[in-house]
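> Below is one structure. I have some questions about it.
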Amino acid sequence: MSSRPRPVTRPVPGLVLGVVAVLVAALLVAGPVPGATAAGTPTVTGVTPAGQDWANARLKVRWTRISGATYQVRWATSTARLSRAKAYVARTNAATSPTLSTRCVPWYAQVRAVRSGRVGPWSRARSVRFTRGTPAPPTIDVTTQTNPAAAQVRWTGTAYAARYRLDWSAAPYGAWAGFAHNYTPWLAAAARGTSVTVPANPAPKDRFLAPAYGNPVFAQLQYDNGCTQTPRLSTYFAAFPKPRDPGDGDLVSIGSYNLENTPHHGSESTKIANIADNIAARNLDVVALQEADAQSAADVIARLENAESQPGWDSFGVGAQQVIWRTSAWQAVAGTGSNLGRPGDGTAATPLPTPGIRLTPAVPEPGRQDVFVASIHLEDGARWDSGATPAERKRDAHLAAGILLDEIASANPDDVPVLAAGDFKGNFGGGSFPVSAGYCDENNGCVGEGQPTFVRAGYWDAQTAVEKVGIAFSTVNKHVAPQPEAATGVAGRPDFILARGAGGFTYYRNVVKTYGDASSAQQSDHNLLFARVMVPRLPETP
């Protein structure tokens with residue numbers, strides 16, 4: 001009996017390849033065989049933290065070197081996420097992560113070797129975290145300005161700060177209760193500055209921040225390590241836009257001085273002597289005096305001429321406001337002196353007596369212009385109505401300033417440059433807002449509207465000057481010496497020097513120096529202000 005052979009079953013090629021692939025995958029998941037030979041690719045060991053790049057949110061690790069290998073490294077916030085993380089190539093046995101999304105949680109790193117085209121197994125996952133220290137206060141710099149319509153703030157970097165932003169306001173001192181806070185976006189750890197754009201032209205509800213007002217942006221730098229709910233805060237500070245270019249022309253030195261109803265004790269009285277000494281030390285051409293009648297002006301002039309050896313002063317005034325000038329620099333144009341104010345009628349909506357006079361250069365030169373000078377003193381509605389609301393007082397100051405603008409235009413038909421200086425009563429507070437703060441137009445507690453009304457009519461404030469001195473002190477001293485300094489470096493001011501039709505200001509100073517003691521018998525409760533403004537020359541006619 002014969003037997004028949006069984007057929008040989010040939011394996012299907014695809015099936016064989018599939019089995020091989022499954023076996024290879026199983027080996028990769030299972031990891032290396034203990035004691036792998038040099039022909040294989042061993043597991044990376046010794047993965048340890050090697051530092052951090054805080055500013056760029058990067059962590060560093062290193063591991064034991066494997067001869068002839070390059071490496072792949074992956075990062076994730078949990079071990080479960082590592083399998084889905086992108087692998088990055090490393091040529092040496094150390095690596096720095098890409099920029100990571102947070103510094104606030106531990107990260108996990110895994111490394112595997114690649115040698116002769118063979119990829120080894122992933123190492124044990126190693127936890128690595130950022131060292132989060134307390135950021136030190138940055139140093140603030142507001143001295144470098146490049147834009148006339150933006151206030152630039154720069155700062156030094158500080159270790160462990162992950163982000164920065166500005167909280168800013170038109171209200172000084174950080175007395176921002178009741179005010180909306182304005183925040184710039186959070187900036188990265190490498191940021192070293194930002195800027196706040198201000199309105200280009202003065203307009204209602206601009207919060208008095210357009211450049212012509214001469215006011216800074218008040219701000220506070222916030223910074224933290226990105227992992228806390230409450231940021232750290234710098235001190236409050238103030239930043240001005242780039243100063244206006246003064247242009248070319250002739251400099252006029254003008255002062256403003258509220259003498260506080262100086263009594264008539266003659267030119268040798270202590271108070272008159274201190275006031276005149278202060279003026280004499282500044283080499284001024286013109287001074288607008290408030291709360292000083294004709295006798296007070298004569299007493300000051302006598303002291304200037306006799307004790308200070310500055311002969312040749314003249315004056316024009318009405319009521320308790322005066323304008324005095326050096327005749328070696330300026331001469332009055334006959335018939336131009338006028339009272340721009342109105343008789344007192346018991347309302348702050350009517351300006352107090354206000355002298356205005358046209359002056360012409362004592363030494364005429366081709367193209368040199370005359371100037372029209374006004375000494376202004378506005379009143380506070382609370383004087384007649386103790387129950388006047390901030391909004392009512394604001395309205396009254398605006399109406400009084402409007403009257404003066406109309407009267408100046410009428411008395412100055414040739415529209416020569418105007419210098420308006422005095423006590424504009426623009427520095428009131430309300431509620432918790434400090435009386436000495438000023439500037440703001442963010443709530444009804446800020447009622448000063450005299451200076452803004454002038455600025456919105458084309459005037460520029462002297463605090464826009466290229467150089468500013470004494471601005472950390474209020475222009476009112478209230479017989480306190482030494483005066484307190486504003487925390488922001490810029491204090492409030494009811495006294496202003498304004499110019500229309502002129503170029504820019506080169507210099508502005510609030511003279512804080514005390515002559516004698518702080519009593520009313522020795523000095524005024526206001527400081528002397530003075531500024532130098534450029535008056536452009538007219539084109540010469542052929």
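Ordering of the structure tokens sets the chain letters (A, B, ...); residue numbers start at 1 within each chain; ligands are numbered from 1 in the order shown.
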What residues in segment 139-305 of chain A get the DSSP label alpha helix (DSSP H)? Please answer as JSON, numbers by chain.
{"A": [270, 271, 272, 273, 274, 275, 276, 277, 278, 279, 280, 294, 295, 296, 297, 298, 299, 300, 301, 302, 303, 304, 305]}
> Just C-alpha atoms for this one: save the residues we selected as an mmCIF file, in the first residue's frame.

```
data_model
loop_
_atom_site.group_PDB
_atom_site.id
_atom_site.type_symbol
_atom_site.label_atom_id
_atom_site.label_comp_id
_atom_site.auth_asym_id
_atom_site.auth_seq_id
_atom_site.Cartn_x
_atom_site.Cartn_y
_atom_site.Cartn_z
ATOM 1 C CA THR A 270 10.642 141.335 55.398
ATOM 2 C CA LYS A 271 7.974 139.816 53.167
ATOM 3 C CA ILE A 272 8.436 142.307 50.326
ATOM 4 C CA ALA A 273 12.200 141.903 50.586
ATOM 5 C CA ASN A 274 12.001 138.105 50.351
ATOM 6 C CA ILE A 275 9.592 138.262 47.413
ATOM 7 C CA ALA A 276 11.751 140.782 45.541
ATOM 8 C CA ASP A 277 14.942 138.870 46.310
ATOM 9 C CA ASN A 278 13.367 135.748 44.848
ATOM 10 C CA ILE A 279 12.363 137.558 41.653
ATOM 11 C CA ALA A 280 15.747 139.273 41.323
ATOM 12 C CA ALA A 294 -0.681 148.815 42.885
ATOM 13 C CA GLN A 295 1.083 149.635 46.182
ATOM 14 C CA SER A 296 2.357 146.075 46.541
ATOM 15 C CA ALA A 297 3.740 146.202 42.997
ATOM 16 C CA ALA A 298 5.392 149.553 43.731
ATOM 17 C CA ASP A 299 6.953 148.125 46.915
ATOM 18 C CA VAL A 300 8.383 145.145 45.027
ATOM 19 C CA ILE A 301 9.751 147.388 42.268
ATOM 20 C CA ALA A 302 11.357 149.739 44.801
ATOM 21 C CA ARG A 303 13.108 146.811 46.460
ATOM 22 C CA LEU A 304 14.282 145.493 43.081
ATOM 23 C CA GLU A 305 15.663 148.865 42.067
#
```
> Neighbours of Met534 of chain A within 9 Å (only C-alpha atoms; same-chain residues fewer than 4 positions away dropped), as a ChimeraX atom specification?
/A:246-252,502-506
> Using C-alpha atoms, can you export the residues from the last selection as a short mmCIF file (atom, residue, chain, number, x, y, z; two decimals), in the first residue's frame?

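Output file part.cif is given in full below:
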```cif
data_model
loop_
_atom_site.label_atom_id
_atom_site.label_comp_id
_atom_site.auth_asym_id
_atom_site.auth_seq_id
_atom_site.Cartn_x
_atom_site.Cartn_y
_atom_site.Cartn_z
CA PRO A 246 10.92 125.16 21.22
CA GLY A 247 11.88 126.25 17.71
CA ASP A 248 13.79 129.42 16.88
CA GLY A 249 13.17 133.01 17.92
CA ASP A 250 13.62 135.17 20.99
CA LEU A 251 13.45 133.83 24.55
CA VAL A 252 11.17 135.61 26.99
CA ALA A 502 4.62 131.17 20.74
CA GLY A 503 7.04 128.33 20.23
CA GLY A 504 7.91 125.84 22.92
CA PHE A 505 9.26 126.36 26.42
CA THR A 506 12.94 125.69 27.04
#
```
> When you look at Ile408 of chain A with a cut-off of 9 Å (counting only C-alpha atoms), what residues show up, excluding the ones that are within fewer than 4 positions of it in the same chain? I need them as a compact mmCIF listing (two decimals) with N, CA and C atoms, in the first residue's frame.

```txt
# COMPACT_ATOMS: atom_id res chain seq x y z
N LEU A 340 -9.37 142.75 31.80
CA LEU A 340 -10.01 141.66 31.08
C LEU A 340 -11.10 140.98 31.91
N GLY A 356 -4.39 143.19 31.44
CA GLY A 356 -3.79 142.70 30.21
C GLY A 356 -3.12 143.86 29.51
N PHE A 372 1.47 139.96 24.39
CA PHE A 372 0.35 140.42 25.22
C PHE A 372 0.38 139.60 26.50
N ALA A 374 -1.11 138.76 30.42
CA ALA A 374 -2.26 138.85 31.32
C ALA A 374 -1.92 138.17 32.64
N ILE A 403 -14.71 133.76 29.50
CA ILE A 403 -14.80 135.22 29.46
C ILE A 403 -13.43 135.83 29.21
N LEU A 404 -12.42 135.35 29.90
CA LEU A 404 -11.07 135.89 29.74
C LEU A 404 -10.55 135.65 28.32
N ASN A 412 -6.52 142.16 21.97
CA ASN A 412 -5.33 141.81 21.20
C ASN A 412 -5.72 141.59 19.74
N PRO A 413 -6.21 142.64 19.07
CA PRO A 413 -6.73 142.47 17.70
C PRO A 413 -5.67 142.04 16.70
N VAL A 418 0.49 135.53 23.15
CA VAL A 418 -0.09 135.83 24.46
C VAL A 418 0.61 135.00 25.53
```
> Need to verify the contact set: Thr48 of chain A, 9 Å, only C-alpha atoms, exclusion of same-chain residues closer than 2 positions in sequence. Can you return it as an mmCIF file with N, CA, C and O atoms, in the first residue's frame?

```
data_model
loop_
_atom_site.group_PDB
_atom_site.id
_atom_site.type_symbol
_atom_site.label_atom_id
_atom_site.label_comp_id
_atom_site.auth_asym_id
_atom_site.auth_seq_id
_atom_site.Cartn_x
_atom_site.Cartn_y
_atom_site.Cartn_z
ATOM 1 N N GLY A 46 20.833 58.628 34.243
ATOM 2 C CA GLY A 46 21.436 59.795 34.901
ATOM 3 C C GLY A 46 20.853 61.120 34.476
ATOM 4 O O GLY A 46 21.549 62.146 34.496
ATOM 5 N N ALA A 50 19.796 70.691 35.118
ATOM 6 C CA ALA A 50 21.076 71.371 34.855
ATOM 7 C C ALA A 50 20.929 72.880 34.800
ATOM 8 O O ALA A 50 21.815 73.567 34.301
ATOM 9 N N LYS A 60 16.769 73.109 31.681
ATOM 10 C CA LYS A 60 17.914 72.386 31.141
ATOM 11 C C LYS A 60 18.089 71.065 31.896
ATOM 12 O O LYS A 60 17.875 71.012 33.116
ATOM 13 N N VAL A 61 18.489 70.031 31.169
ATOM 14 C CA VAL A 61 18.824 68.739 31.779
ATOM 15 C C VAL A 61 20.104 68.215 31.149
ATOM 16 O O VAL A 61 20.491 68.627 30.053
ATOM 17 N N ARG A 62 20.747 67.304 31.863
ATOM 18 C CA ARG A 62 21.882 66.581 31.298
ATOM 19 C C ARG A 62 21.775 65.113 31.708
ATOM 20 O O ARG A 62 20.971 64.753 32.577
ATOM 21 N N TRP A 63 22.572 64.246 31.103
ATOM 22 C CA TRP A 63 22.492 62.809 31.371
ATOM 23 C C TRP A 63 23.845 62.163 31.092
ATOM 24 O O TRP A 63 24.774 62.798 30.564
ATOM 25 N N ARG A 126 11.969 62.153 34.245
ATOM 26 C CA ARG A 126 12.568 62.897 35.361
ATOM 27 C C ARG A 126 11.821 64.211 35.572
ATOM 28 O O ARG A 126 11.615 64.981 34.640
ATOM 29 N N SER A 127 11.409 64.458 36.801
ATOM 30 C CA SER A 127 10.712 65.707 37.146
ATOM 31 C C SER A 127 11.728 66.838 37.252
ATOM 32 O O SER A 127 12.769 66.702 37.908
ATOM 33 N N VAL A 128 11.413 67.952 36.595
ATOM 34 C CA VAL A 128 12.266 69.152 36.612
ATOM 35 C C VAL A 128 11.348 70.354 36.828
ATOM 36 O O VAL A 128 10.280 70.428 36.229
#
```
> Which of these, A:Gln331, A:Thr354, A:Asn147, A:Gln369, has the shortest distance to Pro536 of chain A once you count only C-alpha atoms?
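Looking only at the distances to Pro536 of chain A, the closest residue turns out to be A:Gln369.
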> When you look at segment 194-206 of chain A with a cut-off of 7 Å (counting only C-alpha atoms), what residues show up, excluding the ones that are within fewer than 5 positions of it in the same chain? I need them as a ChimeraX atom specification.
/A:149-154,211,441,455-456
> Restricting the output to C-alpha atoms, write the selected residues as a PDB file, in the first residue's frame.

```pdb
ATOM      1  CA  ALA A 149       2.346 111.913  21.775  1.00  0.00           C
ATOM      2  CA  ALA A 150       3.255 109.009  24.053  1.00  0.00           C
ATOM      3  CA  ALA A 151       4.815 108.586  27.473  1.00  0.00           C
ATOM      4  CA  GLN A 152       7.546 105.958  27.407  1.00  0.00           C
ATOM      5  CA  VAL A 153       8.497 103.882  30.450  1.00  0.00           C
ATOM      6  CA  ARG A 154      11.564 101.673  30.618  1.00  0.00           C
ATOM      7  CA  PRO A 211       0.734 117.096  25.374  1.00  0.00           C
ATOM      8  CA  ASP A 441     -10.527 114.791  34.751  1.00  0.00           C
ATOM      9  CA  VAL A 455      -5.274 124.792  26.597  1.00  0.00           C
ATOM     10  CA  ARG A 456      -8.251 123.693  24.515  1.00  0.00           C
TER      11      ARG A 456
END
```
